[in-house]
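**Student:** structure_36.cif (mmCIF, C-alpha atoms) pasted underneath:
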```cif
data_start
loop_
_atom_site.group_PDB
_atom_site.id
_atom_site.type_symbol
_atom_site.label_atom_id
_atom_site.label_comp_id
_atom_site.auth_asym_id
_atom_site.auth_seq_id
_atom_site.Cartn_x
_atom_site.Cartn_y
_atom_site.Cartn_z
ATOM 1 C CA MET A 1 33.583 -4.481 -7.217
ATOM 2 C CA LEU A 2 31.403 -7.625 -7.158
ATOM 3 C CA GLU A 3 31.287 -7.458 -3.362
ATOM 4 C CA SER A 4 30.140 -3.815 -3.514
ATOM 5 C CA ILE A 5 27.376 -4.644 -5.999
ATOM 6 C CA THR A 6 26.236 -7.608 -3.879
ATOM 7 C CA ALA A 7 26.153 -5.450 -0.735
ATOM 8 C CA LEU A 8 24.178 -2.766 -2.600
ATOM 9 C CA ILE A 9 21.649 -5.308 -3.907
ATOM 10 C CA VAL A 10 21.143 -6.821 -0.449
ATOM 11 C CA ALA A 11 20.833 -3.403 1.219
ATOM 12 C CA THR A 12 18.382 -2.158 -1.424
ATOM 13 C CA SER A 13 16.285 -5.320 -1.107
ATOM 14 C CA LEU A 14 16.049 -4.914 2.646
ATOM 15 C CA LEU A 15 15.367 -1.164 2.564
ATOM 16 C CA LEU A 16 12.785 -1.133 -0.251
ATOM 17 C CA GLY A 17 11.362 -4.654 0.003
ATOM 18 C CA SER A 18 10.399 -4.705 3.654
ATOM 19 C CA PRO A 19 6.649 -4.488 4.249
ATOM 20 C CA GLY A 20 5.827 -0.789 4.242
ATOM 21 C CA PRO A 21 3.108 1.410 2.753
ATOM 22 C CA VAL A 22 4.195 0.997 -0.890
ATOM 23 C CA PRO A 23 4.773 -2.808 -0.889
ATOM 24 C CA ILE A 24 1.490 -3.330 0.965
ATOM 25 C CA ALA A 25 -0.309 -1.011 -1.485
ATOM 26 C CA LEU A 26 1.094 -3.051 -4.395
ATOM 27 C CA ALA A 27 0.092 -6.362 -2.805
ATOM 28 C CA ALA A 28 -3.371 -4.999 -2.040
ATOM 29 C CA THR A 29 -3.789 -3.712 -5.596
ATOM 30 C CA GLY A 30 -2.720 -7.065 -7.030
ATOM 31 C CA ALA A 31 -5.108 -8.929 -4.744
ATOM 32 C CA VAL A 32 -8.078 -6.636 -5.300
ATOM 33 C CA PHE A 33 -7.725 -5.694 -8.965
ATOM 34 C CA GLY A 34 -5.291 -8.256 -10.401
ATOM 35 C CA PHE A 35 -1.816 -7.880 -11.860
ATOM 36 C CA ARG A 36 -2.934 -6.460 -15.196
ATOM 37 C CA GLN A 37 -5.180 -3.752 -13.751
ATOM 38 C CA GLY A 38 -2.504 -2.972 -11.146
ATOM 39 C CA THR A 39 0.209 -2.373 -13.764
ATOM 40 C CA PRO A 40 -0.494 1.383 -14.230
ATOM 41 C CA PHE A 41 -0.229 1.818 -10.449
ATOM 42 C CA LEU A 42 3.064 -0.133 -10.475
ATOM 43 C CA LEU A 43 4.447 2.015 -13.305
ATOM 44 C CA GLY A 44 3.479 5.180 -11.416
ATOM 45 C CA ILE A 45 5.281 3.900 -8.321
ATOM 46 C CA LEU A 46 8.414 3.148 -10.353
ATOM 47 C CA VAL A 47 8.420 6.558 -12.062
ATOM 48 C CA GLY A 48 7.866 8.222 -8.674
ATOM 49 C CA LEU A 49 10.775 6.212 -7.300
ATOM 50 C CA ALA A 50 12.988 7.300 -10.214
ATOM 51 C CA VAL A 51 12.156 10.924 -9.395
ATOM 52 C CA ALA A 52 12.857 10.272 -5.691
ATOM 53 C CA ILE A 53 16.254 8.783 -6.605
ATOM 54 C CA THR A 54 17.069 11.793 -8.776
ATOM 55 C CA LEU A 55 15.942 14.297 -6.144
ATOM 56 C CA GLY A 56 17.676 12.319 -3.408
ATOM 57 C CA SER A 57 20.998 12.393 -5.219
ATOM 58 C CA ALA A 58 20.545 16.025 -6.315
ATOM 59 C CA GLY A 59 19.858 17.734 -3.029
ATOM 60 C CA VAL A 60 16.678 16.686 -1.221
ATOM 61 C CA ILE A 61 19.003 14.987 1.249
ATOM 62 C CA GLY A 62 20.555 18.390 1.942
ATOM 63 C CA LEU A 63 17.113 19.972 2.278
ATOM 64 C CA PHE A 64 15.996 17.354 4.793
ATOM 65 C CA ASN A 65 19.223 17.804 6.766
ATOM 66 C CA ALA A 66 19.047 21.631 6.717
ATOM 67 C CA PHE A 67 15.300 21.815 7.439
ATOM 68 C CA PRO A 68 14.233 18.718 9.417
ATOM 69 C CA ALA A 69 10.629 20.006 9.448
ATOM 70 C CA SER A 70 10.485 19.558 5.651
ATOM 71 C CA ARG A 71 10.971 15.818 6.071
ATOM 72 C CA PHE A 72 8.113 15.708 8.553
ATOM 73 C CA LEU A 73 5.881 17.732 6.200
ATOM 74 C CA VAL A 74 6.617 15.391 3.278
ATOM 75 C CA GLY A 75 5.907 12.485 5.642
ATOM 76 C CA VAL A 76 2.504 13.928 6.614
ATOM 77 C CA LEU A 77 1.531 14.528 2.970
ATOM 78 C CA GLY A 78 2.713 11.065 1.956
ATOM 79 C CA GLY A 79 0.944 9.422 4.891
ATOM 80 C CA ALA A 80 -2.307 11.204 4.047
ATOM 81 C CA TYR A 81 -2.097 10.078 0.424
ATOM 82 C CA ILE A 82 -1.332 6.483 1.421
ATOM 83 C CA CYS A 83 -4.425 6.546 3.661
ATOM 84 C CA TYR A 84 -6.445 7.813 0.677
ATOM 85 C CA VAL A 85 -5.223 4.899 -1.479
ATOM 86 C CA ALA A 86 -5.936 2.502 1.422
ATOM 87 C CA PHE A 87 -9.498 3.846 1.565
ATOM 88 C CA LYS A 88 -9.930 3.300 -2.201
ATOM 89 C CA ILE A 89 -8.742 -0.302 -1.858
ATOM 90 C CA ALA A 90 -10.832 -1.069 1.239
ATOM 91 C CA THR A 91 -14.081 0.402 -0.094
ATOM 92 C CA GLY A 92 -13.821 -0.412 -3.810
ATOM 93 C CA PRO A 93 -16.475 -2.495 -5.591
ATOM 94 C CA LEU A 94 -16.323 -6.274 -5.560
ATOM 95 C CA LEU A 95 -15.543 -8.472 -8.565
ATOM 96 C CA SER A 96 -19.180 -8.763 -9.522
ATOM 97 C CA THR A 97 -19.014 -5.210 -10.831
ATOM 98 C CA ALA A 98 -15.889 -5.590 -12.956
ATOM 99 C CA GLY A 99 -16.326 -2.358 -14.925
ATOM 100 C CA GLU A 100 -16.706 -0.330 -11.755
ATOM 101 C CA ALA A 101 -13.749 -2.178 -10.180
ATOM 102 C CA LEU A 102 -11.561 -1.261 -13.149
ATOM 103 C CA ALA A 103 -12.569 2.391 -12.801
ATOM 104 C CA SER A 104 -11.723 2.387 -9.070
ATOM 105 C CA ALA A 105 -8.314 0.681 -9.392
ATOM 106 C CA PRO A 106 -5.394 2.883 -8.314
ATOM 107 C CA ARG A 107 -3.974 4.652 -11.364
ATOM 108 C CA PHE A 108 -0.541 5.724 -12.588
ATOM 109 C CA ARG A 109 -1.049 9.106 -10.919
ATOM 110 C CA ASP A 110 -1.773 7.442 -7.561
ATOM 111 C CA GLY A 111 1.415 5.383 -7.708
ATOM 112 C CA PHE A 112 3.509 8.351 -8.809
ATOM 113 C CA ILE A 113 2.293 10.618 -6.004
ATOM 114 C CA LEU A 114 2.529 7.779 -3.481
ATOM 115 C CA ASN A 115 6.253 7.229 -4.043
ATOM 116 C CA LEU A 116 7.060 10.877 -4.668
ATOM 117 C CA LEU A 117 5.761 11.657 -1.156
ATOM 118 C CA ASN A 118 7.184 8.509 0.420
ATOM 119 C CA PRO A 119 9.784 9.496 3.062
ATOM 120 C CA LYS A 120 10.922 5.852 3.247
ATOM 121 C CA ALA A 121 12.192 6.102 -0.347
ATOM 122 C CA TYR A 122 14.250 9.218 0.410
ATOM 123 C CA ALA A 123 15.575 7.738 3.669
ATOM 124 C CA ALA A 124 16.524 4.538 1.826
ATOM 125 C CA PHE A 125 18.497 6.436 -0.795
ATOM 126 C CA ILE A 126 20.179 8.646 1.798
ATOM 127 C CA ALA A 127 21.448 5.410 3.370
ATOM 128 C CA LEU A 128 22.354 3.784 0.049
ATOM 129 C CA PHE A 129 24.226 6.780 -1.376
ATOM 130 C CA SER A 130 26.101 7.374 1.872
ATOM 131 C CA GLN A 131 26.962 3.774 2.756
ATOM 132 C CA PHE A 132 26.791 1.597 -0.357
ATOM 133 C CA SER A 133 27.872 3.777 -3.302
ATOM 134 C CA LEU A 134 29.753 1.752 -5.895
ATOM 135 C CA PRO A 135 33.483 2.566 -5.971
ATOM 136 C CA LEU A 136 33.945 4.191 -9.384
ATOM 137 C CA SER A 137 36.366 6.864 -10.602
ATOM 138 C CA THR A 138 34.095 9.913 -10.109
ATOM 139 C CA ASN A 139 31.287 10.859 -7.718
ATOM 140 C CA VAL A 140 28.889 11.319 -10.641
ATOM 141 C CA SER A 141 29.559 7.876 -12.129
ATOM 142 C CA SER A 142 29.439 6.283 -8.672
ATOM 143 C CA THR A 143 26.076 7.898 -7.855
ATOM 144 C CA ALA A 144 24.620 7.079 -11.292
ATOM 145 C CA ALA A 145 25.709 3.421 -11.148
ATOM 146 C CA THR A 146 24.435 3.065 -7.585
ATOM 147 C CA ALA A 147 21.082 4.588 -8.574
ATOM 148 C CA LEU A 148 20.724 2.294 -11.621
ATOM 149 C CA VAL A 149 21.459 -0.877 -9.642
ATOM 150 C CA ALA A 150 19.095 0.192 -6.840
ATOM 151 C CA PHE A 151 16.352 1.044 -9.342
ATOM 152 C CA GLY A 152 16.761 -2.352 -11.043
ATOM 153 C CA VAL A 153 16.356 -4.079 -7.683
ATOM 154 C CA ALA A 154 13.290 -1.916 -6.941
ATOM 155 C CA ILE A 155 11.648 -3.010 -10.209
ATOM 156 C CA VAL A 156 12.062 -6.686 -9.273
ATOM 157 C CA ILE A 157 10.790 -6.082 -5.724
ATOM 158 C CA ASP A 158 7.732 -4.061 -6.768
ATOM 159 C CA VAL A 159 6.722 -6.494 -9.529
ATOM 160 C CA THR A 160 7.066 -9.326 -6.979
ATOM 161 C CA TRP A 161 4.812 -7.565 -4.437
ATOM 162 C CA LEU A 162 2.151 -6.903 -7.077
ATOM 163 C CA GLY A 163 2.396 -10.529 -8.247
ATOM 164 C CA LEU A 164 2.159 -11.908 -4.706
ATOM 165 C CA GLY A 165 -0.988 -9.863 -4.185
ATOM 166 C CA GLY A 166 -2.336 -11.244 -7.462
ATOM 167 C CA LEU A 167 -2.022 -14.781 -6.055
ATOM 168 C CA LEU A 168 -4.720 -13.829 -3.526
ATOM 169 C CA ARG A 169 -7.123 -12.900 -6.317
ATOM 170 C CA PRO A 170 -9.142 -16.177 -6.112
ATOM 171 C CA VAL A 171 -10.116 -15.231 -2.538
ATOM 172 C CA PHE A 172 -12.153 -12.406 -4.061
ATOM 173 C CA GLU A 173 -14.637 -14.791 -5.642
ATOM 174 C CA SER A 174 -16.417 -14.775 -2.284
ATOM 175 C CA PRO A 175 -17.835 -11.294 -1.534
ATOM 176 C CA LYS A 176 -17.444 -11.774 2.230
ATOM 177 C CA SER A 177 -13.793 -12.868 1.932
ATOM 178 C CA ALA A 178 -13.134 -10.116 -0.594
ATOM 179 C CA ARG A 179 -14.379 -7.400 1.733
ATOM 180 C CA MET A 180 -12.386 -8.844 4.659
ATOM 181 C CA VAL A 181 -9.135 -8.941 2.659
ATOM 182 C CA ARG A 182 -9.717 -5.434 1.269
ATOM 183 C CA VAL A 183 -10.297 -3.957 4.708
ATOM 184 C CA THR A 184 -7.324 -5.902 6.123
ATOM 185 C CA PHE A 185 -5.015 -4.544 3.424
ATOM 186 C CA GLY A 186 -6.355 -1.030 3.978
ATOM 187 C CA LEU A 187 -5.721 -1.272 7.730
ATOM 188 C CA LEU A 188 -2.225 -2.689 7.120
ATOM 189 C CA MET A 189 -1.427 0.312 4.908
ATOM 190 C CA VAL A 190 -2.583 2.723 7.621
ATOM 191 C CA LEU A 191 -0.577 0.759 10.220
ATOM 192 C CA ALA A 192 2.507 0.952 7.966
ATOM 193 C CA VAL A 193 2.052 4.745 7.804
ATOM 194 C CA LEU A 194 1.862 4.963 11.600
ATOM 195 C CA LEU A 195 4.993 2.829 11.973
ATOM 196 C CA ALA A 196 6.804 4.957 9.377
ATOM 197 C CA PHE A 197 6.081 8.084 11.438
ATOM 198 C CA ARG A 198 8.078 6.592 14.297
ATOM 199 C CA ALA A 199 11.179 6.910 12.088
ATOM 200 C CA LEU A 200 10.528 10.556 11.098
#
```
What is this file in structure tokens?
**Tutor:**
Amino acid sequence: MLESITALIVATSLLLGSPGPVPIALAATGAVFGFRQGTPFLLGILVGLAVAITLGSAGVIGLFNAFPASRFLVGVLGGAYICYVAFKIATGPLLSTAGEALASAPRFRDGFILNLLNPKAYAAFIALFSQFSLPLSTNVSSTAATALVAFGVAIVIDVTWLGLGGLLRPVFESPKSARMVRVTFGLLMVLAVLLAFRAL
């Protein structure tokens, strides 16, 4: 059992922790707005992920398999929303206007929609449930335990990405550097979307 849990943790870390649209969005939010102001966005991402896990285990996998076009449609919607969040990060106000910066920080709703429409999350859980399910007595208990372990790993990964972005916060004391980092993060998010479409 310990070997199965270890394999699940490693697989989840690799699938969800690799630099993609959501991790880059978290790092960008931490860098631009700080850990504290990025927390609602983080919570939205985690709740969206919990819904994706539930839907993934309850039949979205079957929908994607039966209607491949639905996966592409969800991918297009998710990619468009990620580009919207990237635009907000790249064009937001600098630290000198702290009140305006707080108002423009990605919110809970942004994080929730971002992960709800994130095909990478569904693809990750298709792989996890099919290859790394914990060996328990029933399918329901196996799926539930697998989902809980994977979600716990996701919490650690997402908090880490937001925190790593927060370490870049001092760079934003210089308006020129701040704008460069914002635009770089925004472009990285768009690039991550384009790379994700190669897997759809």
**Student:** Would you compute the distance between CA of Ser141 (chain A) and CA of Ile53 (chain A)? Give it in Å to one decimal.
**Tutor:**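 Separation of CA of Ser141 (chain A) and CA of Ile53 (chain A): 14.4 Å.
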**Student:** If we count all atoms listed in the file and set the cut-off at 8 Å, which residues sit around region 123-135 of chain A, ignoring sequence neighbours fewer than 5 positions away in its own chain? Please answer as a PDB file with C-alpha atoms, keeping the file's coordinate frame.
**Tutor:**
```
ATOM      1  CA  MET A   1      33.583  -4.481  -7.217  1.00  0.00           C
ATOM      2  CA  SER A   4      30.140  -3.815  -3.514  1.00  0.00           C
ATOM      3  CA  ILE A   5      27.376  -4.644  -5.999  1.00  0.00           C
ATOM      4  CA  ALA A   7      26.153  -5.450  -0.735  1.00  0.00           C
ATOM      5  CA  LEU A   8      24.178  -2.766  -2.600  1.00  0.00           C
ATOM      6  CA  ALA A  11      20.833  -3.403   1.219  1.00  0.00           C
ATOM      7  CA  THR A  12      18.382  -2.158  -1.424  1.00  0.00           C
ATOM      8  CA  LEU A  15      15.367  -1.164   2.564  1.00  0.00           C
ATOM      9  CA  LEU A  16      12.785  -1.133  -0.251  1.00  0.00           C
ATOM     10  CA  ILE A  53      16.254   8.783  -6.605  1.00  0.00           C
ATOM     11  CA  GLY A  56      17.676  12.319  -3.408  1.00  0.00           C
ATOM     12  CA  SER A  57      20.998  12.393  -5.219  1.00  0.00           C
ATOM     13  CA  ILE A  61      19.003  14.987   1.249  1.00  0.00           C
ATOM     14  CA  SER A 142      29.439   6.283  -8.672  1.00  0.00           C
ATOM     15  CA  THR A 143      26.076   7.898  -7.855  1.00  0.00           C
ATOM     16  CA  ALA A 145      25.709   3.421 -11.148  1.00  0.00           C
ATOM     17  CA  THR A 146      24.435   3.065  -7.585  1.00  0.00           C
TER      18      THR A 146
END
```
**Student:** Using all atoms listed in the file, can you tell me which of A:Ala27, A:Leu42, A:Leu14, A:Leu164 comes closest to Leu188 (chain A)?
**Tutor:**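 Nearest to Leu188 (chain A): A:Ala27.
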**Student:** Enter the distance from CA of Asp110 (chain A) to CA of Gly17 (chain A), in Å, rounded to one decimal.
**Tutor:**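 Value for the CA of Asp110 (chain A)-CA of Gly17 (chain A) distance: 19.4 Å.
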**Student:** In Å, how far is it from CA of Phe72 (chain A) to CA of Val51 (chain A)?
**Tutor:**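 Answer for the CA of Phe72 (chain A) to CA of Val51 (chain A) separation: 19.0 Å.
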**Student:** Write out as a PyMOL selection string the residues lying within 10 Å of Thr91 (chain A), counting only C-alpha atoms and excluding same-chain residues fewer than 5 positions away.
**Tutor:** chain A and resi 86+104+179+182-183+186
**Student:** Can you tell me which residues surround Phe185 (chain A) at a distance of at most 9 Å, considering only C-alpha atoms, apart from same-chain residues fewer than 5 positions away, and format the answer as number ranges by chain?
**Tutor:** A: 24-25, 27-28, 86, 89-90, 180, 190
**Student:** Nearest to Leu167 (chain A) among A:Ala31, A:Ala121, A:Ala66, A:Ala52, with distances taken over all atoms listed in the file: which residue is it?
**Tutor:**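 For Leu167 (chain A), the nearest of the given residues is A:Ala31.
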